[in-house]
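Participant: I'd like to ask you about the structure that follows.
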Amino acid sequence: MNQLASAHTSAAPFDVESVRQQFPALEQIVHGQPLVYLDSAATALKPQAMIEAVTWAYARDSANVHRGVHQLSQRATDSFEAAREKVRRFINAREAKECVFVRGTTEALNLVASCHGSRLRAGDEVLISELEHHSNIVPWQLACERSGARLVVAPITDSGELDMNAYAERLCERTRIVAVSHASNTLGSILPIKEIARLAHERGAVVVVDGAQAAPHLPIDVQELGVDFYAFSGHKLYGPTGIGVLYGRRELFAKLPPYQGGGSMIRIVTFEKTTYQGLPERFEAGTPHIAGAIGLGAAIDFLNGIDADARALHEQDLLDYGTRLLEAIPGVRLIGTAREKIGVLSFVVDGIHPHDLGTIVDTAGVAIRTGHHCTQTLMARFGVPATARASLGLYNNRRDLDVLAAAIHKAQEMFR
Amino acid sequence: MSDLRELYQEMILDHGRRPRNYRFPDPANREADGHNPLCGDRLTIKLLFDDGIVKDVGFQGAGCAISTAAASTMTEVVMGKSAEEVEAVFQNYHALVTGTGGDADTLGKLAVFAGVAEFPMRVKCATLCWHTLRAALQGRPEAVSTEEDDISE
C-alpha cells in the first residue's frame with residue numbers, strides 16, 4: 001500500500017492539454033466555435049489509441065472468436081480474451097470468467113433481471129433507489145410483473161443522497177434483490193455501495209449495481225465493494241458503443257438459467273436436449289462485439305496510462321469550479337448537491353426551458369444534455385419537467401466551464 | 001448567432017412567455033393529449049368543434065419556448081377555421097418548419113417559425129401541438145406521441 005501511494009505521488013501531475021490532444025473529436029469547430037464537450041455522462045469522447053485498436057481489429061484480426069483454427073481467428077480470440085482480462089483487473093474481479101461481455105449496462109441489467117429475476121416468487125421484494133435510471137427500474141418492473149414480486153423504492157434526500165435510514169427500513173426478509181446505481185447520471189450523487197451491500201447481505205439479498213456512471217470516474221473494486229453483480233458500459237468509459245460488461249460472482253452466475261440461446265453458449269445440442277457452456281460463454285450467445293471488446297480493453301489501457309489520483313483531483317477540481325460558477329449565476333438552481341459527487345451538474349434556469357437553453361448554448365459550441373435524462377421519476381421528485389446537464393470527462397478544463405457560464409448569460413439576455 | 005435570432009424571434013419569445021388561449025374552452029367537445037417522450041413535453045388541447053368549424057380552442061401543458069409559442073400561435077390561427085382549412089395551414093406550416101417548402105407569405109404570423117428549419121432537433125417542438133390538434137379534430141383522443149409511426153415528420 002505504501003509502495004502504491006509513493007508510486008502515485010511520484011507520478012507526473014495531470015496534464016489536461018496533453019490528454020486533450022489524444023481526443024480527435026476535440027479538434028472540431030461547432031457553429032464557428034471550438035467544441036466544448038460537456039456531455040460525457042451521455043457518452044464520452046474517444047481517445048486515438050482506442051479508435052486505432054478498433055480499426056486494427058477490423059483491418060487485420062478480422063475473424064470470429066472461439067470458432068476457427070486459422071491464424072486470424074486465433075489472433076482475434078487472443079485479443080478478445082485479453083480484453084476480458086483487462087476488464088477483470090479494472091474491476092478487480094477474482095477471475096476473468098466472471099466478466100461477461102454484453103451490449104451495455106442496459107443489457108447487463110436486463111440479463112440479471114431476466115435470469116436472476118426468474119427466481120423471484122410472489123411476495124418477494126426488489127428494492128431499488130429513487131434516483132435510478134430507467135434501465136434500473138423498468139427491467140425490475142418487468143421481472144416483478146412476471147413473478148408477482150413487489151418493487152420497493154428507497155427515497156433520496158433533497159440534496160440527492162440515498163436516505164440510508166429509509167433504505168435500511170425497507171430491507172426485510174422478503175427483499176431478494178437490491179438494485180442501485182453506484183453514481184447517479186442526473187444528480188451525480190455517489191452512493192455508499194459498500195454499506196448498501198453489507199446491509200442487503202445481512203438480509204440475504206443479492207446486490208446488483210448499475211456502474212455506468214461510476215466506472216469512468218471512480219476506482220472500482222467489486223470484491224472490496226462486496227457486490228454480487230456490477231454492470232457498466234464501454235462508451236461512457238472512453239470506449240466503443242455497443243459493448244459493456246456484466247460482472248457476477250461465479251457462485252451466483254452458476255445458478256442462473258441462460259439468457260439468450262444460440263451459438264457459443266452451448267456444449268451439446270440435440271433436438272431432445274441441449275447442455276450449456278460454463279462462464280462466460282453461457283451468457284454470450286452469438287458472435288460477440290469483438291472489436292468493441294478489444295476497444296474497451298484499449299480504453300482501459302488508456303486510463304491505466306494516466307495517474308488515477310491525479311485524474312481524480314483534476315475531476316474534483318473541475319466539479320468544484322463548475323459548481324461555484326453555476327451557483328454564482330442569479331436564476332440558476334443546481335439539482336443534485338450531494339456531498340459526494342461525480343462530475344455531473346444538473347441545473348435549471350429561471351424562465352428558460354432546458355431545451356431552449358440547450359439550443360442556445362449549442363450555438364456557442366457547447367454540448368450539454370437537456371431533458372429528463374432517462375430519469376422521469378427524478379424529474380417528478382424535484383418538480384421539474386426537465387433539466388440541463390453539464391457532465392465532465394477527464395479532457396475538460398476550466399475554460400470549458402467558463403464558456404458554458406457565458407453561454408448561459410447569453411441565454412438569459414435573450415429571454416430577459 | 002444569426003440563425004439563433006432567426007429561431008428566437010421576438011414574437012416567439014413573447015408567445016413563449018405569455019401564451020394566448022392558455023385555458024380550456026367550456027364547453028368543449030374534442031380533445032387530445034400530445035407527448036414528446038424524448039424531451040418530456042406534454043400538452044392537452046381542447047376545442048369546441050361545431051358546424052364543421054373550430055369555434056373555440058385552448059391548450060395547457062409544459063414545454064419549451066418553441067413548443068409553447070407554436071401552440072399559442074396555432075390556437076389564434078385556427079380559431080374560426082374549418083377542419084379542411086386547418087389541415088391546409090398545417091401542411092403549409094409543416095413544409096416551412098421542415099425546410100421542405102411552404103409558402104411563408106400565406107402563413108401570416110406562423111411565418112416566424114421559418115427559422116426552425118435550421119434546427120432539425122427542434123422541429124418536433126414546433127409540430128407537436130399541430131399533430132395533437134389534428135388528432136382532436138379526427139376524434140382520436142388517445143395520446144399523440146412524436147415518436148410513433150403515425151407521425152411523419
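Quick note on naming: the chains in the C-alpha cells go A, B, ... in the order shown, residues restart at 1 in each chain, and ligands are numbered from 1 in order of appearance.
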Among segment 7-129 of chain A, which residues does DSSP mark as alpha helix (DSSP H) when it is run on the backbone? Keep the chain and numbering as in the structure and answer as number ranges by chain.
Facilitator: A: 7-9, 16-20, 48-59, 71-91, 105-115
Participant: Those same residues - N, CA and C atoms - I'd like them written as a compact mmCIF listing (two decimals), in the first residue's frame.
Facilitator:
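Output file out.txt is given in full below:
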# COMPACT_ATOMS: atom_id res chain seq x y z
N ALA A 7 4.25 5.48 -5.30
CA ALA A 7 4.29 5.45 -6.76
C ALA A 7 3.36 6.52 -7.33
N HIS A 8 2.21 6.69 -6.68
CA HIS A 8 1.25 7.67 -7.17
C HIS A 8 1.75 9.10 -6.97
N THR A 9 2.30 9.36 -5.79
CA THR A 9 2.71 10.74 -5.53
C THR A 9 3.88 11.14 -6.41
N VAL A 16 -3.79 18.25 -18.56
CA VAL A 16 -5.04 18.16 -19.32
C VAL A 16 -4.80 18.46 -20.80
N GLU A 17 -3.84 19.34 -21.11
CA GLU A 17 -3.61 19.67 -22.52
C GLU A 17 -3.12 18.47 -23.31
N SER A 18 -2.21 17.69 -22.71
CA SER A 18 -1.72 16.53 -23.45
C SER A 18 -2.81 15.46 -23.53
N VAL A 19 -3.69 15.41 -22.54
CA VAL A 19 -4.82 14.48 -22.62
C VAL A 19 -5.75 14.89 -23.76
N ARG A 20 -6.03 16.19 -23.85
CA ARG A 20 -6.94 16.69 -24.88
C ARG A 20 -6.44 16.35 -26.28
N GLN A 48 -7.53 8.50 -29.35
CA GLN A 48 -7.00 7.97 -30.61
C GLN A 48 -6.57 6.51 -30.48
N ALA A 49 -5.94 6.15 -29.37
CA ALA A 49 -5.44 4.77 -29.21
C ALA A 49 -6.59 3.77 -29.23
N MET A 50 -7.71 4.16 -28.65
CA MET A 50 -8.87 3.28 -28.66
C MET A 50 -9.41 3.12 -30.08
N ILE A 51 -9.49 4.25 -30.80
CA ILE A 51 -10.00 4.21 -32.17
C ILE A 51 -9.11 3.31 -33.04
N GLU A 52 -7.79 3.42 -32.81
CA GLU A 52 -6.86 2.61 -33.60
C GLU A 52 -6.98 1.13 -33.27
N ALA A 53 -7.25 0.82 -32.01
CA ALA A 53 -7.41 -0.59 -31.62
C ALA A 53 -8.62 -1.21 -32.32
N VAL A 54 -9.71 -0.44 -32.40
CA VAL A 54 -10.91 -0.93 -33.08
C VAL A 54 -10.63 -1.07 -34.57
N THR A 55 -9.96 -0.08 -35.14
CA THR A 55 -9.63 -0.13 -36.57
C THR A 55 -8.76 -1.35 -36.87
N TRP A 56 -7.78 -1.58 -36.02
CA TRP A 56 -6.88 -2.72 -36.20
C TRP A 56 -7.65 -4.04 -36.15
N ALA A 57 -8.60 -4.11 -35.21
CA ALA A 57 -9.37 -5.34 -35.08
C ALA A 57 -10.13 -5.65 -36.37
N TYR A 58 -10.60 -4.61 -37.04
CA TYR A 58 -11.32 -4.84 -38.30
C TYR A 58 -10.35 -4.95 -39.48
N ALA A 59 -9.23 -4.22 -39.42
CA ALA A 59 -8.34 -4.18 -40.58
C ALA A 59 -7.48 -5.44 -40.69
N GLN A 71 -5.16 -18.71 -38.39
CA GLN A 71 -4.34 -17.70 -37.72
C GLN A 71 -5.14 -16.47 -37.28
N LEU A 72 -5.99 -15.93 -38.19
CA LEU A 72 -6.73 -14.72 -37.85
C LEU A 72 -7.69 -14.98 -36.69
N SER A 73 -8.31 -16.14 -36.72
CA SER A 73 -9.25 -16.45 -35.64
C SER A 73 -8.51 -16.56 -34.32
N GLN A 74 -7.31 -17.11 -34.37
CA GLN A 74 -6.52 -17.23 -33.14
C GLN A 74 -6.16 -15.85 -32.59
N ARG A 75 -5.75 -14.97 -33.50
CA ARG A 75 -5.38 -13.61 -33.05
C ARG A 75 -6.59 -12.87 -32.48
N ALA A 76 -7.72 -13.01 -33.18
CA ALA A 76 -8.93 -12.34 -32.70
C ALA A 76 -9.32 -12.88 -31.33
N THR A 77 -9.25 -14.19 -31.18
CA THR A 77 -9.62 -14.81 -29.89
C THR A 77 -8.68 -14.33 -28.79
N ASP A 78 -7.40 -14.29 -29.10
CA ASP A 78 -6.42 -13.85 -28.09
C ASP A 78 -6.69 -12.40 -27.66
N SER A 79 -6.96 -11.53 -28.64
CA SER A 79 -7.21 -10.13 -28.31
C SER A 79 -8.50 -9.97 -27.51
N PHE A 80 -9.50 -10.73 -27.91
CA PHE A 80 -10.80 -10.67 -27.24
C PHE A 80 -10.67 -11.11 -25.78
N GLU A 81 -9.98 -12.21 -25.56
CA GLU A 81 -9.83 -12.71 -24.19
C GLU A 81 -8.86 -11.84 -23.38
N ALA A 82 -7.90 -11.24 -24.07
CA ALA A 82 -7.01 -10.30 -23.37
C ALA A 82 -7.81 -9.10 -22.87
N ALA A 83 -8.79 -8.69 -23.67
CA ALA A 83 -9.64 -7.57 -23.24
C ALA A 83 -10.43 -7.97 -21.99
N ARG A 84 -10.88 -9.20 -21.94
CA ARG A 84 -11.63 -9.67 -20.78
C ARG A 84 -10.75 -9.61 -19.52
N GLU A 85 -9.49 -9.98 -19.70
CA GLU A 85 -8.56 -9.93 -18.56
C GLU A 85 -8.31 -8.48 -18.12
N LYS A 86 -8.27 -7.55 -19.10
CA LYS A 86 -8.11 -6.13 -18.74
C LYS A 86 -9.32 -5.66 -17.93
N VAL A 87 -10.49 -6.12 -18.33
CA VAL A 87 -11.70 -5.77 -17.59
C VAL A 87 -11.62 -6.34 -16.17
N ARG A 88 -11.18 -7.57 -16.06
CA ARG A 88 -11.07 -8.20 -14.74
C ARG A 88 -10.21 -7.36 -13.81
N ARG A 89 -9.05 -6.93 -14.34
CA ARG A 89 -8.16 -6.13 -13.50
C ARG A 89 -8.78 -4.77 -13.18
N PHE A 90 -9.48 -4.23 -14.15
CA PHE A 90 -10.08 -2.90 -13.97
C PHE A 90 -11.07 -2.87 -12.80
N ILE A 91 -11.81 -3.97 -12.62
CA ILE A 91 -12.80 -4.00 -11.53
C ILE A 91 -12.37 -4.94 -10.41
N THR A 105 -24.71 -1.39 -20.31
CA THR A 105 -25.29 -1.50 -18.97
C THR A 105 -26.74 -1.95 -19.04
N THR A 106 -27.48 -1.40 -19.99
CA THR A 106 -28.90 -1.76 -20.09
C THR A 106 -29.07 -3.26 -20.30
N GLU A 107 -28.31 -3.82 -21.23
CA GLU A 107 -28.45 -5.26 -21.45
C GLU A 107 -27.99 -6.05 -20.22
N ALA A 108 -26.93 -5.57 -19.58
CA ALA A 108 -26.43 -6.26 -18.39
C ALA A 108 -27.52 -6.33 -17.31
N LEU A 109 -28.19 -5.20 -17.09
CA LEU A 109 -29.22 -5.17 -16.05
C LEU A 109 -30.42 -6.03 -16.46
N ASN A 110 -30.73 -6.01 -17.76
CA ASN A 110 -31.82 -6.87 -18.23
C ASN A 110 -31.48 -8.35 -18.08
N LEU A 111 -30.20 -8.67 -18.29
CA LEU A 111 -29.77 -10.06 -18.13
C LEU A 111 -30.01 -10.51 -16.68
N VAL A 112 -29.57 -9.69 -15.74
CA VAL A 112 -29.75 -10.08 -14.34
C VAL A 112 -31.24 -10.13 -13.98
N ALA A 113 -31.98 -9.11 -14.43
CA ALA A 113 -33.40 -9.06 -14.09
C ALA A 113 -34.15 -10.24 -14.71
N SER A 114 -33.72 -10.63 -15.90
CA SER A 114 -34.39 -11.73 -16.57
C SER A 114 -33.99 -13.07 -15.96
N CYS A 115 -32.69 -13.31 -15.80
CA CYS A 115 -32.22 -14.62 -15.35
C CYS A 115 -32.31 -14.77 -13.84
Participant: Excluding Val30 of chain A and any residue of its chain fewer than 3 positions from it, enumerate the residues within 10 Å of it, using only C-alpha atoms, and give them as a JSON list (two decimals) with C-alpha atoms, in the first residue's frame.
Facilitator:
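The result, stored in around_28.json:
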[["chain", "number", "residue", "atom", "x", "y", "z"],
["A", 27, "GLU", "CA", -10.30, 19.43, -32.72],
["A", 33, "GLN", "CA", -16.61, 27.85, -32.10],
["A", 34, "PRO", "CA", -14.17, 25.26, -30.73],
["A", 35, "LEU", "CA", -16.17, 22.33, -29.40],
["A", 36, "VAL", "CA", -16.83, 22.42, -25.66],
["A", 362, "ASP", "CA", -25.06, 24.76, -28.70],
["A", 363, "THR", "CA", -24.65, 27.78, -30.95],
["A", 364, "ALA", "CA", -21.73, 28.75, -28.69],
["A", 365, "GLY", "CA", -20.18, 25.35, -29.43],
["A", 366, "VAL", "CA", -21.21, 23.90, -26.07],
["A", 367, "ALA", "CA", -22.67, 20.39, -26.00]]
Participant: For Arg20 of chain B, please output as an MDAnalysis selection string all residues within 8 Å (counting only C-alpha atoms; exclusion window: fewer than 4 positions along the same chain).
Facilitator: chainID B and resid 15 72:73 75:76
Participant: I'd like a table as JSON lines: residues in chain B with an atom no more than 10 Å from chain A, each row giving the shortest atom pair and its distance in Å to one decimal, only C-alpha atoms counted, sorted by chain and rising residue number.
Facilitator:
{"residue": "B:Met1", "atom": "CA", "partner": "A:Thr363", "partner_atom": "CA", "distance": 6.6}
{"residue": "B:Ser2", "atom": "CA", "partner": "A:Thr363", "partner_atom": "CA", "distance": 9.8}
{"residue": "B:Asp3", "atom": "CA", "partner": "A:Thr363", "partner_atom": "CA", "distance": 8.7}
{"residue": "B:Leu4", "atom": "CA", "partner": "A:Ile360", "partner_atom": "CA", "distance": 7.0}
{"residue": "B:Arg5", "atom": "CA", "partner": "A:Met414", "partner_atom": "CA", "distance": 9.0}
{"residue": "B:Leu7", "atom": "CA", "partner": "A:Thr359", "partner_atom": "CA", "distance": 9.8}
{"residue": "B:Tyr8", "atom": "CA", "partner": "A:Met414", "partner_atom": "CA", "distance": 8.3}
{"residue": "B:Gln9", "atom": "CA", "partner": "A:Met414", "partner_atom": "CA", "distance": 9.8}
{"residue": "B:Glu10", "atom": "CA", "partner": "A:Met414", "partner_atom": "CA", "distance": 9.4}
{"residue": "B:Leu13", "atom": "CA", "partner": "A:Phe415", "partner_atom": "CA", "distance": 7.0}
{"residue": "B:Asp14", "atom": "CA", "partner": "A:Phe415", "partner_atom": "CA", "distance": 9.3}
{"residue": "B:Gly16", "atom": "CA", "partner": "A:Phe415", "partner_atom": "CA", "distance": 9.7}
{"residue": "B:Arg17", "atom": "CA", "partner": "A:Gly351", "partner_atom": "CA", "distance": 8.1}
{"residue": "B:Pro37", "atom": "CA", "partner": "A:His372", "partner_atom": "CA", "distance": 9.1}
{"residue": "B:Leu38", "atom": "CA", "partner": "A:Gly371", "partner_atom": "CA", "distance": 7.3}
{"residue": "B:Cys39", "atom": "CA", "partner": "A:Gly371", "partner_atom": "CA", "distance": 4.8}
{"residue": "B:Gly40", "atom": "CA", "partner": "A:Pro385", "partner_atom": "CA", "distance": 6.4}
{"residue": "B:Asp41", "atom": "CA", "partner": "A:Pro385", "partner_atom": "CA", "distance": 7.5}
{"residue": "B:Arg42", "atom": "CA", "partner": "A:Pro385", "partner_atom": "CA", "distance": 9.2}
{"residue": "B:Ala62", "atom": "CA", "partner": "A:Pro385", "partner_atom": "CA", "distance": 7.3}
{"residue": "B:Gly63", "atom": "CA", "partner": "A:His353", "partner_atom": "CA", "distance": 7.1}
{"residue": "B:Cys64", "atom": "CA", "partner": "A:His353", "partner_atom": "CA", "distance": 4.9}
{"residue": "B:Ala65", "atom": "CA", "partner": "A:Asp356", "partner_atom": "CA", "distance": 6.6}
{"residue": "B:Ile66", "atom": "CA", "partner": "A:Asp356", "partner_atom": "CA", "distance": 7.7}
{"residue": "B:Ser67", "atom": "CA", "partner": "A:Asp356", "partner_atom": "CA", "distance": 10.0}
{"residue": "B:Phe119", "atom": "CA", "partner": "A:Thr359", "partner_atom": "CA", "distance": 8.4}
{"residue": "B:Met121", "atom": "CA", "partner": "A:Thr359", "partner_atom": "CA", "distance": 8.9}
{"residue": "B:Arg122", "atom": "CA", "partner": "A:Thr359", "partner_atom": "CA", "distance": 8.5}
{"residue": "B:Cys125", "atom": "CA", "partner": "A:His355", "partner_atom": "CA", "distance": 9.3}
Participant: Once you have the residues from the selection above, write them out as an mmCIF file, in the first residue's frame, restricted to N, CA and C atoms.
Facilitator:
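That gives us again_36.cif:
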data_model
loop_
_atom_site.group_PDB
_atom_site.id
_atom_site.type_symbol
_atom_site.label_atom_id
_atom_site.label_comp_id
_atom_site.auth_asym_id
_atom_site.auth_seq_id
_atom_site.Cartn_x
_atom_site.Cartn_y
_atom_site.Cartn_z
ATOM 1 N N MET B 1 -25.199 32.548 -34.672
ATOM 2 C CA MET B 1 -25.899 33.571 -33.888
ATOM 3 C C MET B 1 -27.060 34.152 -34.676
ATOM 4 N N SER B 2 -26.850 34.381 -35.991
ATOM 5 C CA SER B 2 -27.950 34.924 -36.783
ATOM 6 C C SER B 2 -29.064 33.879 -36.899
ATOM 7 N N ASP B 3 -28.668 32.586 -37.023
ATOM 8 C CA ASP B 3 -29.671 31.526 -37.032
ATOM 9 C C ASP B 3 -30.475 31.542 -35.736
ATOM 10 N N LEU B 4 -29.769 31.802 -34.642
ATOM 11 C CA LEU B 4 -30.401 31.782 -33.325
ATOM 12 C C LEU B 4 -31.442 32.889 -33.214
ATOM 13 N N ARG B 5 -31.083 34.085 -33.708
ATOM 14 C CA ARG B 5 -32.039 35.199 -33.696
ATOM 15 C C ARG B 5 -33.230 34.884 -34.592
ATOM 16 N N LEU B 7 -34.386 31.961 -35.067
ATOM 17 C CA LEU B 7 -35.224 30.982 -34.359
ATOM 18 C C LEU B 7 -36.024 31.669 -33.258
ATOM 19 N N TYR B 8 -35.300 32.404 -32.402
ATOM 20 C CA TYR B 8 -35.977 33.021 -31.254
ATOM 21 C C TYR B 8 -36.377 34.452 -31.582
ATOM 22 N N GLN B 9 -37.290 34.587 -32.528
ATOM 23 C CA GLN B 9 -37.777 35.914 -32.868
ATOM 24 C C GLN B 9 -38.628 36.455 -31.723
ATOM 25 N N GLU B 10 -38.752 37.757 -31.704
ATOM 26 C CA GLU B 10 -39.449 38.402 -30.580
ATOM 27 C C GLU B 10 -40.861 37.846 -30.393
ATOM 28 N N LEU B 13 -40.619 34.546 -28.572
ATOM 29 C CA LEU B 13 -40.306 34.750 -27.150
ATOM 30 C C LEU B 13 -41.541 35.265 -26.404
ATOM 31 N N ASP B 14 -42.264 36.159 -27.050
ATOM 32 C CA ASP B 14 -43.455 36.735 -26.424
ATOM 33 C C ASP B 14 -44.530 35.665 -26.193
ATOM 34 N N GLY B 16 -44.030 32.538 -26.052
ATOM 35 C CA GLY B 16 -43.479 31.559 -25.110
ATOM 36 C C GLY B 16 -43.674 32.008 -23.671
ATOM 37 N N ARG B 17 -43.486 33.307 -23.457
ATOM 38 C CA ARG B 17 -43.648 33.853 -22.097
ATOM 39 C C ARG B 17 -45.113 33.991 -21.718
ATOM 40 N N PRO B 37 -41.831 12.041 -25.837
ATOM 41 C CA PRO B 37 -41.119 11.265 -24.820
ATOM 42 C C PRO B 37 -39.623 11.555 -24.792
ATOM 43 N N LEU B 38 -39.082 12.114 -25.864
ATOM 44 C CA LEU B 38 -37.648 12.397 -25.886
ATOM 45 C C LEU B 38 -37.295 13.551 -24.964
ATOM 46 N N CYS B 39 -38.204 14.522 -24.843
ATOM 47 C CA CYS B 39 -37.876 15.682 -24.028
ATOM 48 C C CYS B 39 -38.833 15.873 -22.861
ATOM 49 N N GLY B 40 -39.934 15.147 -22.851
ATOM 50 C CA GLY B 40 -40.858 15.247 -21.741
ATOM 51 C C GLY B 40 -41.950 16.288 -21.933
ATOM 52 N N ASP B 41 -41.953 16.979 -23.086
ATOM 53 C CA ASP B 41 -43.013 17.957 -23.323
ATOM 54 C C ASP B 41 -44.382 17.275 -23.359
ATOM 55 N N ARG B 42 -45.350 17.925 -22.716
ATOM 56 C CA ARG B 42 -46.719 17.422 -22.734
ATOM 57 C C ARG B 42 -47.657 18.583 -22.950
ATOM 58 N N ALA B 62 -46.722 21.762 -20.498
ATOM 59 C CA ALA B 62 -45.383 22.248 -20.175
ATOM 60 C C ALA B 62 -44.464 21.979 -21.349
ATOM 61 N N GLY B 63 -43.741 22.991 -21.755
ATOM 62 C CA GLY B 63 -42.830 22.791 -22.872
ATOM 63 C C GLY B 63 -41.876 23.962 -23.000
ATOM 64 N N CYS B 64 -41.024 23.878 -23.984
ATOM 65 C CA CYS B 64 -40.033 24.927 -24.216
ATOM 66 C C CYS B 64 -40.693 26.133 -24.886
ATOM 67 N N ALA B 65 -39.928 27.184 -25.113
ATOM 68 C CA ALA B 65 -40.466 28.403 -25.720
ATOM 69 C C ALA B 65 -41.011 28.117 -27.113
ATOM 70 N N ILE B 66 -40.305 27.279 -27.878
ATOM 71 C CA ILE B 66 -40.753 26.974 -29.237
ATOM 72 C C ILE B 66 -42.097 26.255 -29.206
ATOM 73 N N SER B 67 -42.219 25.222 -28.363
ATOM 74 C CA SER B 67 -43.454 24.442 -28.366
ATOM 75 C C SER B 67 -44.607 25.253 -27.776
ATOM 76 N N PHE B 119 -32.870 24.162 -37.443
ATOM 77 C CA PHE B 119 -32.612 23.400 -36.210
ATOM 78 C C PHE B 119 -33.442 22.108 -36.223
ATOM 79 N N MET B 121 -33.364 19.411 -34.776
ATOM 80 C CA MET B 121 -33.697 18.801 -33.492
ATOM 81 C C MET B 121 -34.926 19.446 -32.854
ATOM 82 N N ARG B 122 -35.285 20.630 -33.349
ATOM 83 C CA ARG B 122 -36.391 21.355 -32.706
ATOM 84 C C ARG B 122 -37.686 21.300 -33.513
ATOM 85 N N CYS B 125 -40.647 20.176 -31.584
ATOM 86 C CA CYS B 125 -41.171 21.173 -30.639
ATOM 87 C C CYS B 125 -42.241 22.017 -31.331
#
Participant: Within 10 Å of Ala83 of chain B, counting only C-alpha atoms, which residues qualify if same-chain residues fewer than 3 places away don't, as an mmCIF file with N, CA and C atoms, in the first residue's frame?
Facilitator:
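Generated output (around-v6.cif):
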data_model
loop_
_atom_site.group_PDB
_atom_site.id
_atom_site.type_symbol
_atom_site.label_atom_id
_atom_site.label_comp_id
_atom_site.auth_asym_id
_atom_site.auth_seq_id
_atom_site.Cartn_x
_atom_site.Cartn_y
_atom_site.Cartn_z
ATOM 1 N N PHE B 49 -65.861 22.173 -31.412
ATOM 2 C CA PHE B 49 -65.932 21.998 -32.865
ATOM 3 C C PHE B 49 -67.409 21.855 -33.222
ATOM 4 N N GLY B 52 -68.745 22.083 -38.240
ATOM 5 C CA GLY B 52 -67.538 21.921 -39.045
ATOM 6 C C GLY B 52 -66.526 23.026 -38.838
ATOM 7 N N ILE B 53 -66.690 23.822 -37.792
ATOM 8 C CA ILE B 53 -65.822 24.984 -37.565
ATOM 9 C C ILE B 53 -65.213 24.905 -36.158
ATOM 10 N N VAL B 54 -63.939 25.311 -36.043
ATOM 11 C CA VAL B 54 -63.321 25.441 -34.729
ATOM 12 C C VAL B 54 -63.870 26.716 -34.086
ATOM 13 N N VAL B 78 -56.103 29.011 -35.922
ATOM 14 C CA VAL B 78 -57.140 28.050 -36.339
ATOM 15 C C VAL B 78 -58.539 28.459 -35.869
ATOM 16 N N GLY B 80 -61.991 29.643 -35.722
ATOM 17 C CA GLY B 80 -62.956 30.004 -36.762
ATOM 18 C C GLY B 80 -62.758 29.282 -38.086
ATOM 19 N N VAL B 86 -57.853 24.057 -41.543
ATOM 20 C CA VAL B 86 -56.803 23.778 -40.562
ATOM 21 C C VAL B 86 -55.764 22.848 -41.172
ATOM 22 N N GLU B 87 -56.232 21.840 -41.873
ATOM 23 C CA GLU B 87 -55.322 20.862 -42.474
ATOM 24 C C GLU B 87 -54.425 21.535 -43.522
ATOM 25 N N ALA B 88 -54.999 22.432 -44.290
ATOM 26 C CA ALA B 88 -54.216 23.127 -45.322
ATOM 27 C C ALA B 88 -53.131 23.998 -44.678
ATOM 28 N N VAL B 89 -53.498 24.688 -43.576
ATOM 29 C CA VAL B 89 -52.498 25.509 -42.881
ATOM 30 C C VAL B 89 -51.399 24.603 -42.324
ATOM 31 N N ARG B 134 -54.733 17.934 -34.746
ATOM 32 C CA ARG B 134 -55.305 17.092 -35.809
ATOM 33 C C ARG B 134 -55.949 15.847 -35.217
ATOM 34 N N LEU B 137 -59.241 16.823 -33.777
ATOM 35 C CA LEU B 137 -60.238 17.055 -34.825
ATOM 36 C C LEU B 137 -60.705 15.749 -35.455
ATOM 37 N N GLN B 138 -59.809 14.774 -35.513
ATOM 38 C CA GLN B 138 -60.158 13.485 -36.119
ATOM 39 C C GLN B 138 -60.795 12.540 -35.106
#
Participant: Take atom CA of Leu47 of chain B and atom CA of Pro25 of chain B and report the distance between them in Å, one decimal.
Facilitator: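 These two atoms are separated by 6.2 Å.
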Participant: Between B:Pro19, B:Pro141, B:Gly99, B:Gly108, which one has atoms that come closest to Val77 of chain B, using only C-alpha atoms?
Facilitator: B:Gly108
Participant: I'd like the contact shell of Leu162 of chain A - 9 Å cut-off, only C-alpha atoms, skipping same-chain residues fewer than 2 positions apart - returned as number ranges by chain.
Facilitator: A: 129-131, 154-157, 160, 164-167, 189-192
Participant: Go ahead and save the picked residues with N, CA and C atoms, as a compact mmCIF listing (two decimals), in the first residue's frame.
Facilitator:
# COMPACT_ATOMS: atom_id res chain seq x y z
N SER A 129 -33.46 2.29 -5.65
CA SER A 129 -33.46 3.64 -5.06
C SER A 129 -34.27 4.58 -5.94
N GLU A 130 -34.58 5.74 -5.38
CA GLU A 130 -35.39 6.72 -6.09
C GLU A 130 -34.63 7.40 -7.23
N LEU A 131 -33.32 7.28 -7.24
CA LEU A 131 -32.55 8.02 -8.27
C LEU A 131 -32.16 7.17 -9.46
N ALA A 154 -36.48 2.98 -2.29
CA ALA A 154 -35.87 3.70 -1.16
C ALA A 154 -35.69 5.16 -1.56
N PRO A 155 -36.20 6.09 -0.76
CA PRO A 155 -36.19 7.51 -1.14
C PRO A 155 -34.81 8.16 -1.00
N ILE A 156 -34.68 9.30 -1.67
CA ILE A 156 -33.47 10.11 -1.54
C ILE A 156 -33.81 11.40 -0.79
N THR A 157 -32.78 12.08 -0.34
CA THR A 157 -32.97 13.37 0.33
C THR A 157 -33.05 14.49 -0.71
N GLY A 160 -30.15 14.86 -2.86
CA GLY A 160 -29.91 13.80 -3.82
C GLY A 160 -29.10 12.63 -3.29
N MET A 164 -30.25 6.67 3.99
CA MET A 164 -29.80 5.34 4.43
C MET A 164 -30.71 4.74 5.50
N ASN A 165 -31.30 5.60 6.34
CA ASN A 165 -32.24 5.06 7.33
C ASN A 165 -33.46 4.47 6.64
N ALA A 166 -33.99 5.21 5.69
CA ALA A 166 -35.16 4.72 4.95
C ALA A 166 -34.82 3.46 4.17
N TYR A 167 -33.61 3.43 3.64
CA TYR A 167 -33.17 2.23 2.91
C TYR A 167 -33.14 1.02 3.85
N SER A 189 -24.78 12.12 -7.59
CA SER A 189 -24.56 11.53 -6.26
C SER A 189 -23.85 10.18 -6.33
N ILE A 190 -22.86 10.00 -5.46
CA ILE A 190 -22.21 8.70 -5.32
C ILE A 190 -22.86 7.98 -4.15
N LEU A 191 -23.33 6.76 -4.39
CA LEU A 191 -23.98 6.01 -3.32
C LEU A 191 -22.97 5.17 -2.56
N PRO A 192 -23.19 5.02 -1.24
CA PRO A 192 -22.27 4.22 -0.41
C PRO A 192 -22.52 2.73 -0.64
Participant: Can you tell me how far atom CA of Leu127 of chain A sits from atom CA of Gln260 of chain A, in Å to one decimal?
Facilitator: 25.5 Å
Participant: Which residues come within 12 Å of Thr287 of chain A, counting only C-alpha atoms, excluding same-chain residues fewer than 2 positions away, as a PyMOL selection string?
Facilitator: chain A and resi 63-67+77+80+101-103+261-265+281+283-285+289-293
